[in-house]
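> Just start.txt, nothing more (compact mmCIF, N, CA and C atoms):
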```txt
# COMPACT_ATOMS: atom_id res chain seq x y z
N MET A 379 34.09 -18.41 22.91
CA MET A 379 32.96 -17.50 22.73
C MET A 379 32.83 -17.08 21.26
N VAL A 380 33.95 -17.08 20.53
CA VAL A 380 33.91 -16.69 19.12
C VAL A 380 33.03 -17.66 18.33
N ASP A 381 33.18 -18.97 18.57
CA ASP A 381 32.37 -19.96 17.87
C ASP A 381 30.89 -19.74 18.13
N GLU A 382 30.54 -19.43 19.36
CA GLU A 382 29.14 -19.18 19.74
C GLU A 382 28.59 -17.98 18.97
N GLN A 383 29.36 -16.91 18.89
CA GLN A 383 28.91 -15.71 18.19
C GLN A 383 28.76 -15.95 16.70
N GLU A 384 29.59 -16.81 16.13
CA GLU A 384 29.51 -17.09 14.70
C GLU A 384 28.24 -17.84 14.32
N ARG A 385 27.69 -18.63 15.23
CA ARG A 385 26.49 -19.41 14.91
C ARG A 385 25.22 -18.60 15.13
N LEU A 386 25.32 -17.47 15.84
CA LEU A 386 24.15 -16.65 16.12
C LEU A 386 23.87 -15.67 14.99
N LEU A 387 22.62 -15.27 14.88
CA LEU A 387 22.27 -14.20 13.94
C LEU A 387 23.00 -12.93 14.34
N PRO A 388 23.34 -12.07 13.41
CA PRO A 388 24.01 -10.81 13.79
C PRO A 388 23.11 -9.98 14.71
N ILE A 389 23.67 -9.54 15.82
CA ILE A 389 22.88 -8.83 16.82
C ILE A 389 22.33 -7.50 16.29
N ALA A 390 23.07 -6.87 15.38
CA ALA A 390 22.58 -5.61 14.80
C ALA A 390 21.29 -5.84 14.02
N ASN A 391 21.22 -6.95 13.30
CA ASN A 391 20.00 -7.29 12.54
C ASN A 391 18.84 -7.58 13.49
N VAL A 392 19.12 -8.31 14.56
CA VAL A 392 18.08 -8.62 15.54
C VAL A 392 17.55 -7.32 16.15
N GLY A 393 18.45 -6.45 16.55
CA GLY A 393 18.05 -5.15 17.12
C GLY A 393 17.23 -4.33 16.15
N ARG A 394 17.62 -4.32 14.89
CA ARG A 394 16.89 -3.56 13.86
C ARG A 394 15.47 -4.10 13.70
N ILE A 395 15.33 -5.41 13.68
CA ILE A 395 14.00 -6.02 13.56
C ILE A 395 13.16 -5.68 14.78
N MET A 396 13.75 -5.75 15.95
CA MET A 396 13.02 -5.44 17.18
C MET A 396 12.53 -3.99 17.17
N LYS A 397 13.38 -3.07 16.73
CA LYS A 397 13.02 -1.64 16.74
C LYS A 397 11.91 -1.32 15.75
N GLN A 398 11.79 -2.11 14.68
CA GLN A 398 10.77 -1.85 13.67
C GLN A 398 9.36 -1.93 14.24
N ILE A 399 9.16 -2.78 15.24
CA ILE A 399 7.83 -2.99 15.80
C ILE A 399 7.56 -2.07 16.99
N LEU A 400 8.61 -1.51 17.56
CA LEU A 400 8.47 -0.66 18.74
C LEU A 400 8.22 0.79 18.36
N PRO A 401 7.64 1.57 19.28
CA PRO A 401 7.50 3.01 19.04
C PRO A 401 8.88 3.65 18.89
N PRO A 402 8.98 4.73 18.12
CA PRO A 402 10.28 5.35 17.87
C PRO A 402 11.06 5.73 19.13
N SER A 403 10.36 6.08 20.20
CA SER A 403 11.05 6.51 21.42
C SER A 403 11.50 5.34 22.30
N ALA A 404 11.11 4.12 21.97
CA ALA A 404 11.44 2.95 22.80
C ALA A 404 12.92 2.59 22.67
N LYS A 405 13.45 2.10 23.74
CA LYS A 405 14.84 1.63 23.77
C LYS A 405 14.84 0.12 23.97
N VAL A 406 15.88 -0.55 23.47
CA VAL A 406 16.00 -1.99 23.63
C VAL A 406 17.35 -2.26 24.31
N SER A 407 17.31 -2.96 25.42
CA SER A 407 18.55 -3.24 26.15
C SER A 407 19.39 -4.27 25.40
N LYS A 408 20.68 -4.25 25.71
CA LYS A 408 21.60 -5.21 25.12
C LYS A 408 21.18 -6.63 25.51
N GLU A 409 20.76 -6.80 26.76
CA GLU A 409 20.32 -8.11 27.24
C GLU A 409 19.11 -8.62 26.46
N ALA A 410 18.16 -7.73 26.16
CA ALA A 410 16.97 -8.12 25.39
C ALA A 410 17.37 -8.55 23.99
N LYS A 411 18.28 -7.80 23.36
CA LYS A 411 18.75 -8.17 22.01
C LYS A 411 19.46 -9.51 22.02
N GLN A 412 20.30 -9.73 23.02
CA GLN A 412 21.04 -10.99 23.10
C GLN A 412 20.10 -12.17 23.34
N THR A 413 19.10 -11.96 24.19
CA THR A 413 18.14 -13.03 24.48
C THR A 413 17.37 -13.41 23.23
N LEU A 414 16.88 -12.41 22.52
CA LEU A 414 16.13 -12.69 21.30
C LEU A 414 17.03 -13.25 20.21
N GLN A 415 18.28 -12.80 20.18
CA GLN A 415 19.25 -13.32 19.22
C GLN A 415 19.41 -14.83 19.41
N GLU A 416 19.55 -15.26 20.65
CA GLU A 416 19.70 -16.68 20.94
C GLU A 416 18.42 -17.45 20.64
N CYS A 417 17.27 -16.89 20.99
CA CYS A 417 15.99 -17.56 20.74
C CYS A 417 15.72 -17.71 19.24
N ALA A 418 15.95 -16.64 18.49
CA ALA A 418 15.69 -16.69 17.05
C ALA A 418 16.62 -17.68 16.36
N THR A 419 17.88 -17.69 16.78
CA THR A 419 18.84 -18.63 16.21
C THR A 419 18.43 -20.07 16.52
N GLU A 420 18.01 -20.31 17.75
CA GLU A 420 17.60 -21.65 18.15
C GLU A 420 16.35 -22.08 17.37
N PHE A 421 15.41 -21.17 17.18
CA PHE A 421 14.19 -21.47 16.44
C PHE A 421 14.52 -21.85 15.00
N ILE A 422 15.37 -21.08 14.36
CA ILE A 422 15.77 -21.36 12.98
C ILE A 422 16.46 -22.71 12.90
N SER A 423 17.34 -23.00 13.85
CA SER A 423 18.04 -24.29 13.87
C SER A 423 17.06 -25.44 14.06
N PHE A 424 16.10 -25.26 14.94
CA PHE A 424 15.10 -26.28 15.24
C PHE A 424 14.28 -26.62 14.00
N VAL A 425 13.76 -25.60 13.33
CA VAL A 425 12.94 -25.81 12.13
C VAL A 425 13.78 -26.38 10.99
N THR A 426 14.97 -25.85 10.81
CA THR A 426 15.84 -26.32 9.74
C THR A 426 16.26 -27.77 9.97
N GLY A 427 16.50 -28.13 11.22
CA GLY A 427 16.86 -29.51 11.54
C GLY A 427 15.74 -30.48 11.17
N GLU A 428 14.50 -30.09 11.47
CA GLU A 428 13.35 -30.93 11.13
C GLU A 428 13.23 -31.08 9.61
N ALA A 429 13.39 -29.97 8.90
CA ALA A 429 13.32 -30.01 7.43
C ALA A 429 14.46 -30.85 6.86
N SER A 430 15.64 -30.74 7.46
CA SER A 430 16.80 -31.51 7.01
C SER A 430 16.58 -33.01 7.21
N ASP A 431 15.98 -33.38 8.34
CA ASP A 431 15.68 -34.80 8.58
C ASP A 431 14.75 -35.35 7.50
N LYS A 432 13.76 -34.56 7.15
CA LYS A 432 12.81 -34.97 6.08
C LYS A 432 13.57 -35.20 4.78
N CYS A 433 14.44 -34.27 4.43
CA CYS A 433 15.21 -34.38 3.19
C CYS A 433 16.11 -35.61 3.21
N ARG A 434 16.74 -35.86 4.34
CA ARG A 434 17.62 -37.02 4.47
C ARG A 434 16.84 -38.32 4.25
N LYS A 435 15.63 -38.40 4.82
CA LYS A 435 14.80 -39.59 4.65
C LYS A 435 14.37 -39.77 3.19
N GLU A 436 14.27 -38.66 2.47
CA GLU A 436 13.88 -38.70 1.06
C GLU A 436 15.09 -38.73 0.14
N ASN A 437 16.27 -38.92 0.71
CA ASN A 437 17.53 -38.96 -0.04
C ASN A 437 17.76 -37.69 -0.87
N ARG A 438 17.45 -36.56 -0.30
CA ARG A 438 17.71 -35.28 -0.95
C ARG A 438 18.74 -34.51 -0.14
N LYS A 439 19.54 -33.70 -0.83
CA LYS A 439 20.58 -32.94 -0.16
C LYS A 439 20.20 -31.48 0.07
N THR A 440 19.21 -30.99 -0.66
CA THR A 440 18.85 -29.58 -0.60
C THR A 440 17.53 -29.37 0.13
N VAL A 441 17.58 -28.51 1.15
CA VAL A 441 16.37 -28.11 1.86
C VAL A 441 15.78 -26.93 1.10
N ASN A 442 14.50 -27.01 0.76
CA ASN A 442 13.88 -25.89 0.03
C ASN A 442 12.76 -25.26 0.87
N GLY A 443 12.15 -24.25 0.34
CA GLY A 443 11.10 -23.52 1.06
C GLY A 443 9.93 -24.40 1.45
N ASP A 444 9.56 -25.32 0.59
CA ASP A 444 8.46 -26.24 0.90
C ASP A 444 8.80 -27.12 2.11
N ASP A 445 10.07 -27.50 2.23
CA ASP A 445 10.50 -28.30 3.37
C ASP A 445 10.40 -27.51 4.67
N ILE A 446 10.74 -26.24 4.61
CA ILE A 446 10.64 -25.38 5.79
C ILE A 446 9.18 -25.24 6.19
N CYS A 447 8.30 -25.02 5.22
CA CYS A 447 6.86 -24.91 5.51
C CYS A 447 6.34 -26.20 6.13
N TRP A 448 6.75 -27.33 5.58
CA TRP A 448 6.34 -28.62 6.12
C TRP A 448 6.82 -28.77 7.57
N ALA A 449 8.07 -28.40 7.82
CA ALA A 449 8.64 -28.54 9.16
C ALA A 449 7.90 -27.67 10.16
N LEU A 450 7.57 -26.44 9.76
CA LEU A 450 6.81 -25.56 10.66
C LEU A 450 5.50 -26.22 11.07
N GLY A 451 4.80 -26.80 10.11
CA GLY A 451 3.54 -27.48 10.41
C GLY A 451 3.75 -28.72 11.26
N ALA A 452 4.76 -29.50 10.94
CA ALA A 452 5.04 -30.73 11.67
C ALA A 452 5.41 -30.44 13.13
N LEU A 453 6.01 -29.29 13.36
CA LEU A 453 6.41 -28.92 14.72
C LEU A 453 5.31 -28.20 15.49
N GLY A 454 4.15 -28.02 14.85
CA GLY A 454 3.02 -27.39 15.53
C GLY A 454 2.92 -25.89 15.33
N PHE A 455 3.71 -25.34 14.46
CA PHE A 455 3.67 -23.90 14.18
C PHE A 455 2.80 -23.64 12.95
N ASP A 456 1.56 -24.12 13.00
CA ASP A 456 0.66 -24.04 11.84
C ASP A 456 0.42 -22.61 11.38
N ASN A 457 0.27 -21.69 12.31
CA ASN A 457 0.04 -20.29 11.91
C ASN A 457 1.23 -19.73 11.14
N TYR A 458 2.42 -20.06 11.61
CA TYR A 458 3.62 -19.62 10.90
C TYR A 458 3.72 -20.32 9.55
N ALA A 459 3.41 -21.60 9.54
CA ALA A 459 3.49 -22.37 8.30
C ALA A 459 2.58 -21.77 7.24
N ASP A 460 1.34 -21.43 7.62
CA ASP A 460 0.39 -20.82 6.68
C ASP A 460 0.93 -19.51 6.13
N ALA A 461 1.47 -18.69 7.02
CA ALA A 461 2.01 -17.38 6.59
C ALA A 461 3.21 -17.57 5.66
N VAL A 462 4.08 -18.51 5.99
CA VAL A 462 5.27 -18.73 5.17
C VAL A 462 4.90 -19.33 3.82
N VAL A 463 3.89 -20.20 3.79
CA VAL A 463 3.41 -20.75 2.51
C VAL A 463 2.91 -19.62 1.61
N ARG A 464 2.12 -18.70 2.18
CA ARG A 464 1.63 -17.56 1.38
C ARG A 464 2.79 -16.72 0.87
N TYR A 465 3.76 -16.43 1.73
CA TYR A 465 4.92 -15.65 1.33
C TYR A 465 5.68 -16.36 0.22
N LEU A 466 5.90 -17.67 0.38
CA LEU A 466 6.65 -18.45 -0.60
C LEU A 466 5.96 -18.42 -1.97
N HIS A 467 4.65 -18.54 -1.98
CA HIS A 467 3.91 -18.47 -3.25
C HIS A 467 4.08 -17.10 -3.91
N LYS A 468 3.96 -16.03 -3.11
CA LYS A 468 4.14 -14.68 -3.66
C LYS A 468 5.57 -14.50 -4.17
N TYR A 469 6.54 -14.97 -3.42
CA TYR A 469 7.94 -14.86 -3.81
C TYR A 469 8.18 -15.55 -5.15
N ARG A 470 7.66 -16.77 -5.27
CA ARG A 470 7.85 -17.52 -6.51
C ARG A 470 7.15 -16.85 -7.68
N GLU A 471 6.00 -16.25 -7.41
CA GLU A 471 5.27 -15.54 -8.45
C GLU A 471 6.09 -14.35 -8.96
N VAL A 472 6.65 -13.59 -8.04
CA VAL A 472 7.48 -12.43 -8.41
C VAL A 472 8.70 -12.89 -9.20
N GLU A 473 9.35 -13.95 -8.73
CA GLU A 473 10.53 -14.46 -9.44
C GLU A 473 10.17 -14.96 -10.84
N ARG A 474 9.02 -15.61 -10.96
CA ARG A 474 8.56 -16.10 -12.27
C ARG A 474 8.30 -14.91 -13.20
N ASP A 475 7.67 -13.86 -12.66
CA ASP A 475 7.40 -12.66 -13.46
C ASP A 475 8.70 -12.00 -13.91
N LYS A 476 9.68 -11.94 -13.00
CA LYS A 476 10.98 -11.36 -13.36
C LYS A 476 11.63 -12.15 -14.48
N ALA A 477 11.59 -13.48 -14.35
CA ALA A 477 12.20 -14.34 -15.37
C ALA A 477 11.52 -14.15 -16.72
N THR A 478 10.19 -14.06 -16.70
CA THR A 478 9.43 -13.86 -17.93
C THR A 478 9.78 -12.52 -18.55
N GLN A 479 9.88 -11.49 -17.70
CA GLN A 479 10.20 -10.15 -18.18
C GLN A 479 11.62 -10.11 -18.76
N ASN A 480 12.57 -10.75 -18.07
CA ASN A 480 13.94 -10.80 -18.57
C ASN A 480 14.02 -11.55 -19.90
N LYS A 481 13.27 -12.63 -20.00
CA LYS A 481 13.25 -13.40 -21.23
C LYS A 481 12.71 -12.55 -22.38
N ALA A 482 11.62 -11.82 -22.11
CA ALA A 482 11.03 -10.96 -23.14
C ALA A 482 12.00 -9.86 -23.54
N THR A 483 12.73 -9.31 -22.57
CA THR A 483 13.70 -8.26 -22.86
C THR A 483 14.82 -8.81 -23.73
N CYS A 484 15.30 -10.00 -23.41
CA CYS A 484 16.37 -10.62 -24.20
C CYS A 484 15.92 -10.89 -25.63
N ILE A 485 14.71 -11.42 -25.77
CA ILE A 485 14.18 -11.71 -27.10
C ILE A 485 14.01 -10.43 -27.89
N SER A 486 13.52 -9.39 -27.23
CA SER A 486 13.32 -8.10 -27.88
C SER A 486 14.65 -7.53 -28.37
N SER A 487 15.68 -7.60 -27.53
CA SER A 487 16.98 -7.05 -27.95
C SER A 487 17.62 -7.91 -29.03
N GLN A 488 17.38 -9.22 -29.01
CA GLN A 488 17.88 -10.09 -30.08
C GLN A 488 17.21 -9.74 -31.40
N ASP A 489 15.89 -9.50 -31.36
CA ASP A 489 15.16 -9.11 -32.56
C ASP A 489 15.72 -7.81 -33.13
N LYS A 490 16.02 -6.85 -32.25
CA LYS A 490 16.57 -5.57 -32.70
C LYS A 490 17.95 -5.77 -33.33
N ASP A 491 18.77 -6.64 -32.70
CA ASP A 491 20.10 -6.93 -33.25
C ASP A 491 19.98 -7.57 -34.62
N GLU A 492 19.04 -8.50 -34.76
CA GLU A 492 18.86 -9.17 -36.05
C GLU A 492 18.37 -8.18 -37.11
N GLU A 493 17.45 -7.29 -36.73
CA GLU A 493 16.96 -6.28 -37.68
C GLU A 493 18.09 -5.38 -38.11
N SER A 494 18.94 -5.00 -37.17
CA SER A 494 20.08 -4.13 -37.47
C SER A 494 21.03 -4.83 -38.43
N SER A 495 21.28 -6.12 -38.20
CA SER A 495 22.17 -6.88 -39.09
C SER A 495 21.57 -7.02 -40.47
N GLU A 496 20.26 -7.25 -40.53
CA GLU A 496 19.59 -7.39 -41.83
C GLU A 496 19.65 -6.08 -42.60
N ASP A 497 19.45 -4.95 -41.90
CA ASP A 497 19.49 -3.65 -42.55
C ASP A 497 20.86 -3.42 -43.18
N LYS A 498 21.93 -3.77 -42.45
CA LYS A 498 23.28 -3.56 -42.96
C LYS A 498 23.57 -4.49 -44.14
N SER A 499 23.08 -5.72 -44.08
CA SER A 499 23.39 -6.67 -45.14
C SER A 499 22.62 -6.34 -46.42
N ASN A 500 21.54 -5.58 -46.32
CA ASN A 500 20.77 -5.19 -47.50
C ASN A 500 21.37 -3.98 -48.20
N GLN A 501 22.35 -3.34 -47.56
CA GLN A 501 22.96 -2.15 -48.15
C GLN A 501 24.07 -2.58 -49.11
N PRO A 502 24.33 -1.75 -50.11
CA PRO A 502 25.46 -2.03 -50.99
C PRO A 502 26.75 -2.06 -50.18
N PRO A 503 27.74 -2.83 -50.60
CA PRO A 503 28.98 -3.00 -49.82
C PRO A 503 29.64 -1.70 -49.41
N HIS A 504 29.61 -0.67 -50.27
CA HIS A 504 30.30 0.56 -49.91
C HIS A 504 29.56 1.32 -48.79
N GLN A 505 28.30 0.97 -48.49
CA GLN A 505 27.55 1.64 -47.43
C GLN A 505 27.51 0.80 -46.14
N GLN A 506 28.10 -0.38 -46.13
CA GLN A 506 28.02 -1.24 -44.95
C GLN A 506 29.06 -0.89 -43.89
N ALA A 507 29.96 -0.02 -44.19
CA ALA A 507 31.02 0.34 -43.24
C ALA A 507 30.38 0.93 -41.98
N GLU A 508 31.01 0.68 -40.85
CA GLU A 508 30.47 1.14 -39.56
C GLU A 508 30.33 2.66 -39.52
N ALA A 509 31.43 3.36 -39.57
CA ALA A 509 31.41 4.82 -39.53
C ALA A 509 32.57 5.32 -40.35
N PRO A 510 32.39 6.42 -41.00
CA PRO A 510 33.50 6.93 -41.80
C PRO A 510 34.65 7.34 -40.88
N SER A 511 35.85 7.07 -41.31
CA SER A 511 36.99 7.46 -40.48
C SER A 511 37.31 8.93 -40.77
N THR A 512 37.72 9.62 -39.74
CA THR A 512 38.07 11.03 -39.92
C THR A 512 39.57 11.16 -39.80
N ARG A 513 40.14 11.95 -40.64
CA ARG A 513 41.58 12.15 -40.60
C ARG A 513 41.89 13.40 -39.83
N VAL A 514 42.95 13.31 -39.08
CA VAL A 514 43.34 14.47 -38.27
C VAL A 514 44.57 15.09 -38.80
```
Spit out the file's structure as structure tokens when you get a sec.

Amino acid sequence: MVDEQERLLPIANVGRIMKQILPPSAKVSKEAKQTLQECATEFISFVTGEASDKCRKENRKTVNGDDICWALGALGFDNYADAVVRYLHKYREVERDKATQNKATCISSQDKDEESSEDKSNQPPHQQAEAPSTRV
């Protein structure tokens, strides 16, 4: 039974997702959580298997988001595929923006470091010392 539990999605996560859509006063039975846990795990395995087969035929080792979207469509889950494609595009856009922002931040801090170094090198040698030492 341990092996079976390891392959399933964590039941706490499944329960949390289920409760998000229900009214606050609603209760979810353990049996309902377990049933959905098994269904969701099977669905993920089914779609991933289809995407993996595609990758294998194309001599690729890595399944990516586009492969998952393709598999959803190939398996007849067109509505899900459309939604996941939109999500994937938004996700990539956000990641691209983050990368651009991080790059700009790094360049900006490098420029400041270079300016600081230039300022120190333009000073006479006796003024280039970091900080005066204090004697105790």
> Which neighbours of Val425 of chain A fall inside 7 Å, counting only N, CA and C atoms, when residues of the same chain fewer than 6 positions from it are skipped, and could you give them as a PDB file with N, CA and C atoms, keeping the file's coordinate frame?

```
ATOM      1  N   ILE A 446      10.740 -26.240   4.610  1.00  0.00           N
ATOM      2  CA  ILE A 446      10.640 -25.380   5.790  1.00  0.00           C
ATOM      3  C   ILE A 446       9.180 -25.240   6.190  1.00  0.00           C
ATOM      4  N   ALA A 449       8.070 -28.400   7.820  1.00  0.00           N
ATOM      5  CA  ALA A 449       8.640 -28.540   9.160  1.00  0.00           C
ATOM      6  C   ALA A 449       7.900 -27.670  10.160  1.00  0.00           C
ATOM      7  N   LEU A 450       7.570 -26.440   9.760  1.00  0.00           N
ATOM      8  CA  LEU A 450       6.810 -25.560  10.660  1.00  0.00           C
ATOM      9  C   LEU A 450       5.500 -26.220  11.070  1.00  0.00           C
TER      10      LEU A 450
END
```
> Quick one: DSSP helix (DSSP H, G or I) residues in segment 395-490 of chain A, as a ChimeraX atom specification?
/A:395-399,408-435,443-452,456-490
> Within 9 Å of segment 383-394 of chain A, which residues of segment 411-489 of chain A come that close, and what is the closest atom pair and distance in Å for each? Count only C-alpha atoms and give it as CSV.

```
residue,atom,partner,partner_atom,distance
A:Lys411,CA,A:Gly393,CA,5.8
A:Gln412,CA,A:Ile389,CA,6.9
A:Leu414,CA,A:Val392,CA,7.3
A:Gln415,CA,A:Val392,CA,6.1
A:Glu416,CA,A:Leu386,CA,6.6
A:Ala418,CA,A:Leu387,CA,7.7
A:Thr419,CA,A:Leu386,CA,5.7
A:Glu420,CA,A:Leu386,CA,8.5
```
> Since we have the selection now, will you write its residues out, keeping N, CA and C atoms, as a PDB file, in the frame of the given file?

```pdb
ATOM      1  N   LYS A 411      18.280  -7.800  23.360  1.00  0.00           N
ATOM      2  CA  LYS A 411      18.750  -8.170  22.010  1.00  0.00           C
ATOM      3  C   LYS A 411      19.460  -9.510  22.020  1.00  0.00           C
ATOM      4  N   GLN A 412      20.300  -9.730  23.020  1.00  0.00           N
ATOM      5  CA  GLN A 412      21.040 -10.990  23.100  1.00  0.00           C
ATOM      6  C   GLN A 412      20.100 -12.170  23.340  1.00  0.00           C
ATOM      7  N   LEU A 414      16.880 -12.410  22.520  1.00  0.00           N
ATOM      8  CA  LEU A 414      16.130 -12.690  21.300  1.00  0.00           C
ATOM      9  C   LEU A 414      17.030 -13.250  20.210  1.00  0.00           C
ATOM     10  N   GLN A 415      18.280 -12.800  20.180  1.00  0.00           N
ATOM     11  CA  GLN A 415      19.250 -13.320  19.220  1.00  0.00           C
ATOM     12  C   GLN A 415      19.410 -14.830  19.410  1.00  0.00           C
ATOM     13  N   GLU A 416      19.550 -15.260  20.650  1.00  0.00           N
ATOM     14  CA  GLU A 416      19.700 -16.680  20.940  1.00  0.00           C
ATOM     15  C   GLU A 416      18.420 -17.450  20.640  1.00  0.00           C
ATOM     16  N   ALA A 418      15.950 -16.640  18.490  1.00  0.00           N
ATOM     17  CA  ALA A 418      15.690 -16.690  17.050  1.00  0.00           C
ATOM     18  C   ALA A 418      16.620 -17.680  16.360  1.00  0.00           C
ATOM     19  N   THR A 419      17.880 -17.690  16.780  1.00  0.00           N
ATOM     20  CA  THR A 419      18.840 -18.630  16.210  1.00  0.00           C
ATOM     21  C   THR A 419      18.430 -20.070  16.520  1.00  0.00           C
ATOM     22  N   GLU A 420      18.010 -20.310  17.750  1.00  0.00           N
ATOM     23  CA  GLU A 420      17.600 -21.650  18.150  1.00  0.00           C
ATOM     24  C   GLU A 420      16.350 -22.080  17.370  1.00  0.00           C
TER      25      GLU A 420
END
```
> In Å, how far is it from atom N of Ala477 of chain A to atom N of Ala429 of chain A?
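The value is 28.6 Å.
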> Atom CA of Thr426 of chain A and atom CA of Tyr465 of chain A are how many Å apart?
17.4 Å
> Distance atom CA of Lys439 of chain A-atom CA of Ser423 of chain A, one decimal place?
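Between atom CA of Lys439 of chain A and atom CA of Ser423 of chain A the gap is 16.7 Å.
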> Please define a box with edges along x, y and z of the file around all atoms of segment 440-456 of chain A given in the file, extend it by 5 Å on each side, and return its centre and edge lengths in Å to one decimal, as AutoDock Vina command-line options.

```
--center_x 9.8 --center_y -26.8 --center_z 7.4 --size_x 28.8 --size_y 18.4 --size_z 26.2
```
> Could you tell me which of A:Lys468, A:Phe455, A:Asp381, A:Ala461 comes closest to Phe424 of chain A if we count only C-alpha atoms?
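Among A:Lys468, A:Phe455, A:Asp381, A:Ala461, it is A:Phe455 that comes nearest to Phe424 of chain A.
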> Have a look at A:Ile422, A:Gly443, A:Asp431, A:Gln398 and name the one nearest to Tyr469 of chain A; count only C-alpha atoms.
A:Gly443
